[in-house]
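Chemist: For reference, the structure I am asking about is given below.
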Amino acid sequence: MKLRRPKYLVDPPSSSMNDIAFILIIFFLVCASVEPEDGRPQIIPSSEKNEEQNNTQSIEVGLTPSTATIDGTPYQKEQFKGKISQILSQKETESERIVVVKSQNDVPYEHWIAMTEIIEKSGGIVTLLLEEEQTIIVE
Amino acid sequence: MILRRKKLEANVPSMAMGDIAFLLLIFIVLLARARDDSHLVWQPATGSELVKPANQNASIVIDKMNITYLNGRPIQNENISDQLSALLGELPPGSRTVLFKVHKDVVAEHFEPAIEAISEAGGELHHVLEPLTAIKTP
């Protein structure tokens, strides 16, 4: 004689499902919103301030895609680091430590950021020199 | 003879609550996605001694196609200053951080005008970079 096991209908507890779904959604949201934000703050003095400081003699750094120049003399990256540190160590006031960076149009951001990092770590204050286009109407 | 009124129970159907909450969340997530810039393709340049920004009021991205975005929306360089000024309003110094995310190969012709515009708007520039140690050599 075979004894049949009775079948019980067991429902999973559905009341906690909402909470589980909610916690899972929050978990995914937190994971999705983590974006890189680490970086380097940079203070670029405003144009008005630059105009005031034009009277003092500032260091001019020119950037090309592969090299950098200091007051017209070209240097490789390692040489540049030593030279700019040497120049800036002799400067005492804040206005003397202003470094005017003039980049060629094809200088990549990676090179620019590396060079300005060197200048700032050496104590320099970076300002930009941009070319402006002006339309002059001749009468 | 007093006839008692039959009491009708009116319960809020709790089974649908989960679905309603879920739909609301999807709606909120979609709205949030429309503002952020996580869909943009750019690769950060490298740097050392990186710090986290104390706050963040706006973000400017220049992607690998040299297109500039303010808070995830395309913008011309000439309009950055005005729109950023409106976004930053009268916030005090120290609370005017602008995240600047530029693809590492973008050239000065495209990123320098954006830097100038941030400076003009009184934004505090924060270059988003990748730590040097994170570079994997093949």
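Numbering starts fresh at 1 for the residues of each chain in the structure tokens, the chains themselves are lettered A, B, ... in the order given, and ligands are numbered from 1 as they appear.
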Determine, counting only C-alpha atoms, which protein, DNA and RNA residues have an atom within 9 Å of an atom of segment 86-95 of chain A; residues of the same chain fewer than 4 positions away are not included. Present the result as a CSV table (one decimal) with C-alpha atoms, in the first residue's frame.
Modeler:
```
chain,number,residue,atom,x,y,z
A,53,GLN,CA,49.7,93.0,-13.5
A,56,THR,CA,55.3,93.8,-13.7
A,57,GLN,CA,57.6,91.5,-15.7
A,58,SER,CA,56.1,88.0,-15.7
A,59,ILE,CA,57.5,84.8,-16.9
A,81,LYS,CA,60.9,71.3,-14.4
A,82,GLY,CA,64.3,72.2,-13.2
A,119,ILE,CA,54.4,75.3,-12.8
A,122,SER,CA,57.0,75.1,-8.4
A,123,GLY,CA,55.1,78.0,-6.9
A,124,GLY,CA,53.9,79.7,-10.0
A,125,ILE,CA,50.5,81.2,-10.7
```
Chemist: Provide as a list of chain:residue names the residues of chain B at most 6 Å from chain A, counting only C-alpha atoms.
Modeler: B:Gly18, B:Ala45, B:Leu50, B:Val51, B:Lys52, B:Lys104, B:Asp105, B:Val106, B:Val107, B:Ala108, B:Glu109, B:Ser119, B:Leu125, B:His126, B:His127, B:Val128, B:Leu129
Chemist: I need the residues from that last selection saved to file as a tab-separated table (two decimals), in the first residue's frame (with all heavy atoms), if you can.
Modeler:
```
chain	number	residue	atom	x	y	z
B	18	GLY	N	4.16	48.47	-4.28
B	18	GLY	CA	5.50	48.17	-4.79
B	18	GLY	C	5.66	48.64	-6.21
B	18	GLY	O	6.66	49.28	-6.57
B	45	ALA	N	42.87	62.94	-18.46
B	45	ALA	CA	44.33	63.01	-18.45
B	45	ALA	C	44.81	62.57	-17.07
B	45	ALA	O	44.00	62.40	-16.16
B	45	ALA	CB	44.76	64.44	-18.74
B	50	LEU	N	45.89	64.18	-6.37
B	50	LEU	CA	44.53	64.63	-6.71
B	50	LEU	C	43.68	64.77	-5.45
B	50	LEU	O	43.88	64.06	-4.47
B	50	LEU	CB	43.88	63.63	-7.67
B	50	LEU	CG	44.68	63.29	-8.93
B	50	LEU	CD1	43.88	62.36	-9.83
B	50	LEU	CD2	45.08	64.53	-9.69
B	51	VAL	N	42.75	65.67	-5.52
B	51	VAL	CA	41.84	65.89	-4.38
B	51	VAL	C	40.39	65.84	-4.87
B	51	VAL	O	40.11	66.07	-6.05
B	51	VAL	CB	42.10	67.24	-3.68
B	51	VAL	CG1	43.43	67.24	-2.97
B	51	VAL	CG2	42.04	68.40	-4.68
B	52	LYS	N	39.50	65.56	-3.92
B	52	LYS	CA	38.07	65.58	-4.25
B	52	LYS	C	37.55	67.01	-4.10
B	52	LYS	O	37.97	67.72	-3.19
B	52	LYS	CB	37.31	64.65	-3.30
B	52	LYS	CG	37.43	63.20	-3.66
B	52	LYS	CD	36.39	62.38	-2.93
B	52	LYS	CE	36.58	60.90	-3.17
B	52	LYS	NZ	36.45	60.52	-4.58
B	104	LYS	N	41.62	63.61	-22.91
B	104	LYS	CA	43.05	63.91	-22.84
B	104	LYS	C	43.66	64.39	-24.16
B	104	LYS	O	44.66	65.08	-24.16
B	104	LYS	CB	43.81	62.70	-22.31
B	104	LYS	CG	43.78	61.46	-23.17
B	104	LYS	CD	44.44	60.31	-22.46
B	104	LYS	CE	44.43	59.05	-23.28
B	104	LYS	NZ	45.38	59.07	-24.39
B	105	ASP	N	43.06	64.05	-25.29
B	105	ASP	CA	43.63	64.43	-26.59
B	105	ASP	C	43.02	65.69	-27.19
B	105	ASP	O	43.39	66.09	-28.29
B	105	ASP	CB	43.47	63.27	-27.58
B	105	ASP	CG	44.27	62.05	-27.14
B	105	ASP	OD1	45.32	62.24	-26.50
B	105	ASP	OD2	43.83	60.91	-27.41
B	106	VAL	N	42.08	66.30	-26.49
B	106	VAL	CA	41.48	67.54	-26.99
B	106	VAL	C	42.55	68.64	-27.00
B	106	VAL	O	43.36	68.73	-26.08
B	106	VAL	CB	40.28	67.95	-26.10
B	106	VAL	CG1	39.82	69.36	-26.42
B	106	VAL	CG2	39.14	66.98	-26.28
B	107	VAL	N	42.55	69.46	-28.03
B	107	VAL	CA	43.63	70.45	-28.17
B	107	VAL	C	43.22	71.82	-27.60
B	107	VAL	O	42.04	72.08	-27.38
B	107	VAL	CB	44.08	70.59	-29.65
B	107	VAL	CG1	44.75	69.34	-30.14
B	107	VAL	CG2	42.90	70.97	-30.53
B	108	ALA	N	44.25	72.63	-27.38
B	108	ALA	CA	44.07	73.92	-26.70
B	108	ALA	C	43.03	74.82	-27.36
B	108	ALA	O	42.34	75.59	-26.69
B	108	ALA	CB	45.41	74.64	-26.62
B	109	GLU	N	42.92	74.70	-28.65
B	109	GLU	CA	41.95	75.50	-29.41
B	109	GLU	C	40.53	75.33	-28.85
B	109	GLU	O	39.73	76.26	-28.88
B	109	GLU	CB	42.00	75.02	-30.86
B	109	GLU	CG	41.21	75.84	-31.82
B	109	GLU	CD	41.30	75.28	-33.23
B	109	GLU	OE1	41.92	74.21	-33.43
B	109	GLU	OE2	40.75	75.93	-34.12
B	119	SER	N	36.52	81.17	-15.88
B	119	SER	CA	37.15	82.24	-15.11
B	119	SER	C	36.30	83.52	-15.15
B	119	SER	O	36.11	84.18	-14.13
B	119	SER	CB	38.56	82.49	-15.68
B	119	SER	OG	39.17	83.56	-15.03
B	125	LEU	N	37.67	76.51	-10.93
B	125	LEU	CA	37.99	75.40	-11.84
B	125	LEU	C	38.51	74.19	-11.08
B	125	LEU	O	39.36	74.32	-10.20
B	125	LEU	CB	39.04	75.91	-12.82
B	125	LEU	CG	39.39	75.07	-14.02
B	125	LEU	CD1	38.20	74.89	-14.93
B	125	LEU	CD2	40.53	75.74	-14.78
B	126	HIS	N	37.97	73.02	-11.42
B	126	HIS	CA	38.48	71.78	-10.83
B	126	HIS	C	38.66	70.77	-11.97
B	126	HIS	O	37.68	70.22	-12.48
B	126	HIS	CB	37.51	71.25	-9.77
B	126	HIS	CG	38.01	70.04	-9.05
B	126	HIS	ND1	38.69	70.09	-7.86
B	126	HIS	CD2	37.96	68.72	-9.37
B	126	HIS	CE1	39.02	68.87	-7.47
B	126	HIS	NE2	38.59	68.02	-8.37
B	127	HIS	N	39.92	70.56	-12.38
B	127	HIS	CA	40.20	69.61	-13.46
B	127	HIS	C	39.99	68.19	-12.93
B	127	HIS	O	40.60	67.82	-11.93
B	127	HIS	CB	41.66	69.73	-13.92
B	127	HIS	CG	42.01	71.05	-14.52
B	127	HIS	ND1	41.82	71.32	-15.85
B	127	HIS	CD2	42.53	72.17	-13.98
B	127	HIS	CE1	42.23	72.55	-16.11
B	127	HIS	NE2	42.66	73.08	-14.98
B	128	VAL	N	39.15	67.42	-13.59
B	128	VAL	CA	38.97	66.02	-13.18
B	128	VAL	C	40.00	65.19	-13.92
B	128	VAL	O	40.04	65.17	-15.16
B	128	VAL	CB	37.53	65.53	-13.49
B	128	VAL	CG1	37.38	64.06	-13.14
B	128	VAL	CG2	36.52	66.35	-12.70
B	129	LEU	N	40.85	64.51	-13.12
B	129	LEU	CA	41.98	63.76	-13.69
B	129	LEU	C	41.99	62.33	-13.15
B	129	LEU	O	41.26	62.01	-12.21
B	129	LEU	CB	43.29	64.46	-13.33
B	129	LEU	CG	43.43	65.94	-13.75
B	129	LEU	CD1	44.68	66.53	-13.12
B	129	LEU	CD2	43.48	66.08	-15.25
```
Chemist: Any idea what the distance is between atom CA of Asn71 of chain B and atom CA of Pro113 of chain B?
Modeler: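 Between atom CA of Asn71 of chain B and atom CA of Pro113 of chain B the gap is 17.2 Å.
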Chemist: Determine the nearest neighbour of Glu90 of chain B from the options B:Val29, B:Leu132, B:Gly122, B:Asp19, counting only C-alpha atoms.
Modeler: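 So, comparing all the options, the nearest one is B:Gly122.
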Chemist: Can you tell me, as number ranges by chain, which residues in chain B count as strand (DSSP E or B) by DSSP?
Modeler: B: 46-47, 51, 58-62, 68-70, 73-74, 97-102, 107, 124-128, 130-131
Chemist: Please dump the current selection as a short mmCIF file (atom, residue, chain, number, x, y, z; two decimals), in the first residue's frame; keep N, CA, C and O atoms.
Modeler:
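Wrote again.cif, looks like this:
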```cif
data_model
loop_
_atom_site.label_atom_id
_atom_site.label_comp_id
_atom_site.auth_asym_id
_atom_site.auth_seq_id
_atom_site.Cartn_x
_atom_site.Cartn_y
_atom_site.Cartn_z
N THR B 46 46.11 62.39 -16.94
CA THR B 46 46.63 61.91 -15.65
C THR B 46 47.20 63.07 -14.84
O THR B 46 47.61 64.09 -15.39
N GLY B 47 47.23 62.86 -13.54
CA GLY B 47 47.79 63.86 -12.64
C GLY B 47 48.16 63.21 -11.32
O GLY B 47 47.79 62.06 -11.07
N VAL B 51 42.75 65.67 -5.52
CA VAL B 51 41.84 65.89 -4.38
C VAL B 51 40.39 65.84 -4.87
O VAL B 51 40.11 66.07 -6.05
N ALA B 58 28.45 72.81 -11.11
CA ALA B 58 28.22 72.61 -12.54
C ALA B 58 29.35 71.76 -13.09
O ALA B 58 30.40 71.63 -12.44
N SER B 59 29.12 71.17 -14.23
CA SER B 59 30.22 70.41 -14.85
C SER B 59 30.29 70.75 -16.34
O SER B 59 29.26 70.89 -17.00
N ILE B 60 31.51 70.90 -16.79
CA ILE B 60 31.74 71.14 -18.22
C ILE B 60 32.55 69.97 -18.75
O ILE B 60 33.56 69.59 -18.16
N VAL B 61 32.06 69.37 -19.80
CA VAL B 61 32.74 68.22 -20.40
C VAL B 61 33.09 68.59 -21.84
O VAL B 61 32.27 69.16 -22.55
N ILE B 62 34.32 68.25 -22.22
CA ILE B 62 34.67 68.31 -23.66
C ILE B 62 35.01 66.88 -24.05
O ILE B 62 35.98 66.30 -23.54
N THR B 68 31.61 70.56 -26.58
CA THR B 68 31.55 71.03 -25.19
C THR B 68 30.12 70.89 -24.66
O THR B 68 29.16 71.19 -25.36
N TYR B 69 30.01 70.43 -23.41
CA TYR B 69 28.71 70.25 -22.77
C TYR B 69 28.72 70.96 -21.42
O TYR B 69 29.70 70.88 -20.68
N LEU B 70 27.63 71.62 -21.11
CA LEU B 70 27.45 72.19 -19.77
C LEU B 70 26.32 71.41 -19.11
O LEU B 70 25.20 71.39 -19.63
N ARG B 73 24.53 69.08 -21.49
CA ARG B 73 23.88 69.59 -22.70
C ARG B 73 24.89 70.34 -23.57
O ARG B 73 25.67 71.13 -23.05
N PRO B 74 24.84 70.12 -24.88
CA PRO B 74 25.81 70.79 -25.76
C PRO B 74 25.70 72.31 -25.67
O PRO B 74 24.60 72.85 -25.56
N THR B 97 32.37 75.73 -7.37
CA THR B 97 33.22 74.76 -8.08
C THR B 97 32.58 74.32 -9.40
O THR B 97 31.41 73.98 -9.45
N VAL B 98 33.40 74.32 -10.42
CA VAL B 98 32.96 73.83 -11.74
C VAL B 98 33.88 72.66 -12.12
O VAL B 98 35.10 72.84 -12.24
N LEU B 99 33.29 71.48 -12.25
CA LEU B 99 34.10 70.32 -12.65
C LEU B 99 34.42 70.44 -14.14
O LEU B 99 33.53 70.70 -14.95
N PHE B 100 35.68 70.26 -14.47
CA PHE B 100 36.12 70.41 -15.86
C PHE B 100 36.68 69.07 -16.34
O PHE B 100 37.74 68.64 -15.90
N LYS B 101 35.91 68.43 -17.19
CA LYS B 101 36.28 67.09 -17.66
C LYS B 101 36.60 67.16 -19.15
O LYS B 101 35.70 67.39 -19.96
N VAL B 102 37.86 67.01 -19.44
CA VAL B 102 38.29 67.15 -20.83
C VAL B 102 38.97 65.87 -21.28
O VAL B 102 39.82 65.32 -20.57
N VAL B 107 42.55 69.46 -28.03
CA VAL B 107 43.63 70.45 -28.17
C VAL B 107 43.22 71.82 -27.60
O VAL B 107 42.04 72.08 -27.38
N GLU B 124 35.08 78.30 -9.95
CA GLU B 124 36.34 77.77 -9.42
C GLU B 124 36.63 76.46 -10.13
O GLU B 124 35.93 75.48 -9.94
N LEU B 125 37.67 76.51 -10.93
CA LEU B 125 37.99 75.40 -11.84
C LEU B 125 38.51 74.19 -11.08
O LEU B 125 39.36 74.32 -10.20
N HIS B 126 37.97 73.02 -11.42
CA HIS B 126 38.48 71.78 -10.83
C HIS B 126 38.66 70.77 -11.97
O HIS B 126 37.68 70.22 -12.48
N HIS B 127 39.92 70.56 -12.38
CA HIS B 127 40.20 69.61 -13.46
C HIS B 127 39.99 68.19 -12.93
O HIS B 127 40.60 67.82 -11.93
N VAL B 128 39.15 67.42 -13.59
CA VAL B 128 38.97 66.02 -13.18
C VAL B 128 40.00 65.19 -13.92
O VAL B 128 40.04 65.17 -15.16
N GLU B 130 42.87 61.55 -13.75
CA GLU B 130 43.03 60.16 -13.32
C GLU B 130 44.36 60.06 -12.58
O GLU B 130 45.36 60.62 -13.05
N PRO B 131 44.40 59.35 -11.44
CA PRO B 131 45.69 59.24 -10.74
C PRO B 131 46.72 58.50 -11.59
O PRO B 131 46.37 57.58 -12.33
#
```
Chemist: How many Å lie between atom CA of Val126 of chain A and atom CA of Val101 of chain A, rounded to one decimal?
Modeler: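 Calculated distance between atom CA of Val126 of chain A and atom CA of Val101 of chain A is 6.7 Å.
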